[in-house]
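Asks: Structure provided below as structure tokens; questions to follow.
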Amino acid sequence: MAAAPSSVVLASSNAGKLREFSELFAGRGFTLARQSDFGIEPPPETGSTFLENALIKARNAARISGLPAIADDSGIEVDALGGAPGVHSARFAGEGASDEANLDKLLSALEGVDPLRRGARYRCVIVYVASAGDESPLIGEGCWEGSIIAGRRGTGGFGYDPSFVPAGDTRTVAEIPAQEKNLKSHRAQALGEFLARFSRGR
């Protein structure tokens, strides 16, 4: 079994993601340090896939901090939009766009679309690198199927959560308690796969 490092840099500046990762990693042997604690600025996300972008972020954080790093890239894919916004989820409404602006654009793009054509899914890829040059990163992937409603409901979560209803549920993710979300979400699935691989060793 691989020994968990005492400190790992989380390559994210998203406050909601930092909170969610801290909850997901609680009691798992990781002490997460924010990349901002090291003055690390997010690198340009030039990848065409979630995996490529996650690796870009993790390697950047590891290179600057000198510590192992973990990063995720995640987003929402909407069937009626051909899989968009996908890797552009965090900047769907433009670079530096707020969660609210991104969701506004998504709901506007789906205006008038039949509920039966509003299928969507959250995807997440988590990667861990022991160093910037790590050629064998550990990877976990998760997918959470659901659909997009016409409006917003709930005050929890972040991103597209107020309008995403998971398959088999009637609540938006923003209405689901954090503890429950952290057992089901795309990020929780990716983390579970990642931790299983980490425990088996590199």
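Every chain in the structure tokens has a letter given in the order shown (A, B, ...), and although residue numbers restart at 1 in each chain, ligands are simply numbered from 1 in the order shown.
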Report the closest atom pair, with its distance in Å rounded to one decimal, for each residue of segment 22-141 of chain A that has an atom no farther than 6 Å from segment 147-157 of chain A; count only C-alpha atoms, sort by chain and then rising residue number, and write it as JSON lines.
Replies:
{"residue": "A:Arg118", "atom": "CA", "partner": "A:Ser147", "partner_atom": "CA", "distance": 5.3}
{"residue": "A:Gly119", "atom": "CA", "partner": "A:Ser147", "partner_atom": "CA", "distance": 4.3}
{"residue": "A:Ala120", "atom": "CA", "partner": "A:Ser147", "partner_atom": "CA", "distance": 4.7}
Asks: Take the residues from that selection and write them out as a PDB file, in the first residue's frame, keeping C-alpha atoms.
Replies:
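Below is the file that was written, out-v7.pdb:
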ATOM      1  CA  ARG A 118     -32.365  18.094 -21.519  1.00  0.00           C
ATOM      2  CA  GLY A 119     -30.235  15.077 -20.607  1.00  0.00           C
ATOM      3  CA  ALA A 120     -26.873  16.005 -19.147  1.00  0.00           C
TER       4      ALA A 120
END
Asks: Skip Arg171 of chain A itself and residues of its chain fewer than 5 positions away, then list as an mmCIF file with N, CA and C atoms, in the first residue's frame all residues within 10 Å of it, counting only C-alpha atoms.
Replies:
data_model
loop_
_atom_site.group_PDB
_atom_site.id
_atom_site.type_symbol
_atom_site.label_atom_id
_atom_site.label_comp_id
_atom_site.auth_asym_id
_atom_site.auth_seq_id
_atom_site.Cartn_x
_atom_site.Cartn_y
_atom_site.Cartn_z
ATOM 1 N N ARG A 153 -33.116 25.947 -8.441
ATOM 2 C CA ARG A 153 -33.678 25.607 -7.140
ATOM 3 C C ARG A 153 -32.550 25.255 -6.188
ATOM 4 N N GLY A 154 -32.662 25.730 -4.952
ATOM 5 C CA GLY A 154 -31.678 25.375 -3.930
ATOM 6 C C GLY A 154 -30.599 26.414 -3.751
ATOM 7 N N PRO A 162 -27.619 24.354 -9.150
ATOM 8 C CA PRO A 162 -29.027 24.738 -8.958
ATOM 9 C C PRO A 162 -29.968 24.292 -10.076
ATOM 10 N N SER A 163 -29.419 23.857 -11.195
ATOM 11 C CA SER A 163 -30.269 23.462 -12.323
ATOM 12 C C SER A 163 -30.043 22.018 -12.767
ATOM 13 N N PHE A 164 -29.213 21.276 -12.057
ATOM 14 C CA PHE A 164 -28.922 19.892 -12.425
ATOM 15 C C PHE A 164 -29.632 18.944 -11.475
ATOM 16 N N VAL A 165 -30.495 18.099 -12.041
ATOM 17 C CA VAL A 165 -31.220 17.093 -11.266
ATOM 18 C C VAL A 165 -30.643 15.720 -11.601
ATOM 19 N N PRO A 166 -30.034 15.033 -10.636
ATOM 20 C CA PRO A 166 -29.466 13.713 -10.915
ATOM 21 C C PRO A 166 -30.539 12.705 -11.310
ATOM 22 N N ILE A 176 -29.576 19.122 -2.475
ATOM 23 C CA ILE A 176 -29.113 17.901 -1.828
ATOM 24 C C ILE A 176 -28.081 18.263 -0.758
#
Asks: At a cut-off of 8 Å, using only C-alpha atoms, what residues contact Gly47 of chain A? Leave out same-chain residues fewer than 5 positions from it and give the result as a ChimeraX atom specification.
Replies: /A:52-53,56
Asks: For atom CA of Ala26 of chain A and atom CA of Leu138 of chain A, determine how far apart the two atoms are, in Å to one decimal place.
Replies: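 According to the coordinates, atom CA of Ala26 of chain A and atom CA of Leu138 of chain A are separated by 19.3 Å.
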Asks: Using only C-alpha atoms, which protein or nucleic acid residues come within 12 Å of Gly146 of chain A? Drop anything in the same chain fewer than 5 positions from it, and give the result as a PyMOL selection string.
Replies: chain A and resi 76-79+115-123+160-161+163-173+185-186
Asks: Take the selection from the previous step and output its residues with C-alpha atoms, as a compact mmCIF listing (two decimals), in the first residue's frame.
Replies:
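The new file selection-v5.txt reads:
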# COMPACT_ATOMS: atom_id res chain seq x y z
CA ILE A 76 -21.15 19.48 -17.47
CA GLU A 77 -22.11 18.01 -20.83
CA VAL A 78 -25.58 18.72 -22.21
CA ASP A 79 -26.97 16.48 -24.92
CA PRO A 115 -37.54 18.46 -21.01
CA LEU A 116 -36.98 15.07 -22.64
CA ARG A 117 -34.02 16.52 -24.55
CA ARG A 118 -32.37 18.09 -21.52
CA GLY A 119 -30.24 15.08 -20.61
CA ALA A 120 -26.87 16.01 -19.15
CA ARG A 121 -24.04 14.67 -17.06
CA TYR A 122 -21.35 15.98 -14.78
CA ARG A 123 -17.91 14.55 -15.53
CA TYR A 160 -24.47 24.40 -12.40
CA ASP A 161 -25.82 22.63 -9.28
CA SER A 163 -30.27 23.46 -12.32
CA PHE A 164 -28.92 19.89 -12.43
CA VAL A 165 -31.22 17.09 -11.27
CA PRO A 166 -29.47 13.71 -10.91
CA ALA A 167 -31.10 10.69 -12.54
CA GLY A 168 -33.55 9.02 -10.18
CA ASP A 169 -33.97 12.13 -8.02
CA THR A 170 -36.34 15.08 -8.05
CA ARG A 171 -34.00 17.51 -6.27
CA THR A 172 -31.38 19.69 -7.85
CA VAL A 173 -27.85 19.18 -6.58
CA SER A 185 -21.25 13.12 -7.11
CA HIS A 186 -19.00 12.81 -10.13
Asks: For segment 93-106 of chain A, please output as number ranges by chain all residues within 9 Å (counting only C-alpha atoms; exclusion window: fewer than 2 positions along the same chain).
Replies: A: 85, 88-91, 108-111, 158-160, 162-163
Asks: Rounded to one decimal in Å, what is the spacing between atom CA of Phe25 of chain A and atom CA of Ala69 of chain A?
Replies: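 Interatomic distance here is 13.7 Å.
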Asks: In terms of the shortest atom-to-atom distance over only C-alpha atoms, which of A:Gln179, A:Thr46, A:Asn60, A:Ser7 is closest to Ser131 of chain A?
Replies: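 Of the candidates, the smallest distance to Ser131 of chain A is held by A:Asn60.
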Asks: If we count only C-alpha atoms, what is near Val9 of chain A at a cut-off of 9 Å, once residues fewer than 2 positions away on the same chain are taken out, given as a PyMOL selection string?
Replies: chain A and resi 7+11-12+31-35+38+58+61-62+65+67-71
Asks: Could you pull out all residues of segment 38-154 of chain A with a DSSP call of helix (DSSP H, G or I) and give them as a PyMOL selection string?
Replies: chain A and resi 38+50-65+79-81+86-91+99-109+115-117
Asks: Write out the residues from the selection above, keeping C-alpha atoms, as a CSV table (one decimal), in the first residue's frame.
Replies:
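Saved the output as out-v6.csv:
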chain,number,residue,atom,x,y,z
A,38,PHE,CA,2.3,29.2,-2.6
A,50,PHE,CA,-10.8,16.9,-18.9
A,51,LEU,CA,-7.7,14.7,-18.4
A,52,GLU,CA,-5.4,17.0,-20.3
A,53,ASN,CA,-6.5,20.0,-18.3
A,54,ALA,CA,-6.2,18.2,-15.0
A,55,LEU,CA,-2.7,17.2,-15.8
A,56,ILE,CA,-1.8,20.8,-16.8
A,57,LYS,CA,-3.0,22.1,-13.5
A,58,ALA,CA,-1.4,19.4,-11.4
A,59,ARG,CA,2.0,19.6,-13.0
A,60,ASN,CA,2.0,23.4,-12.7
A,61,ALA,CA,1.2,23.3,-9.0
A,62,ALA,CA,3.8,20.5,-8.4
A,63,ARG,CA,6.5,22.4,-10.3
A,64,ILE,CA,6.1,25.7,-8.4
A,65,SER,CA,5.5,24.2,-4.9
A,79,ASP,CA,-27.0,16.5,-24.9
A,80,ALA,CA,-29.0,19.2,-26.6
A,81,LEU,CA,-25.9,21.3,-27.0
A,86,GLY,CA,-17.8,20.4,-21.5
A,87,VAL,CA,-14.2,21.4,-20.9
A,88,HIS,CA,-15.3,25.0,-21.2
A,89,SER,CA,-17.8,24.8,-18.3
A,90,ALA,CA,-15.9,27.1,-16.0
A,91,ARG,CA,-15.6,29.8,-18.7
A,99,ASP,CA,-21.0,30.7,-11.7
A,100,GLU,CA,-24.2,32.7,-12.1
A,101,ALA,CA,-23.2,34.0,-15.5
A,102,ASN,CA,-22.2,30.6,-16.8
A,103,LEU,CA,-25.6,29.1,-15.6
A,104,ASP,CA,-27.4,32.0,-17.1
A,105,LYS,CA,-25.9,31.3,-20.5
A,106,LEU,CA,-26.7,27.6,-20.2
A,107,LEU,CA,-30.3,28.2,-19.3
A,108,SER,CA,-30.6,30.7,-22.1
A,109,ALA,CA,-29.2,28.3,-24.6
A,115,PRO,CA,-37.5,18.5,-21.0
A,116,LEU,CA,-37.0,15.1,-22.6
A,117,ARG,CA,-34.0,16.5,-24.6
Asks: Can you list every residue in segment 6-190 of chain A that DSSP puts in strand (DSSP E or B), as a PyMOL selection string?
Replies: chain A and resi 8-10+32-34+69-78+85+119-129+138-148+164-166
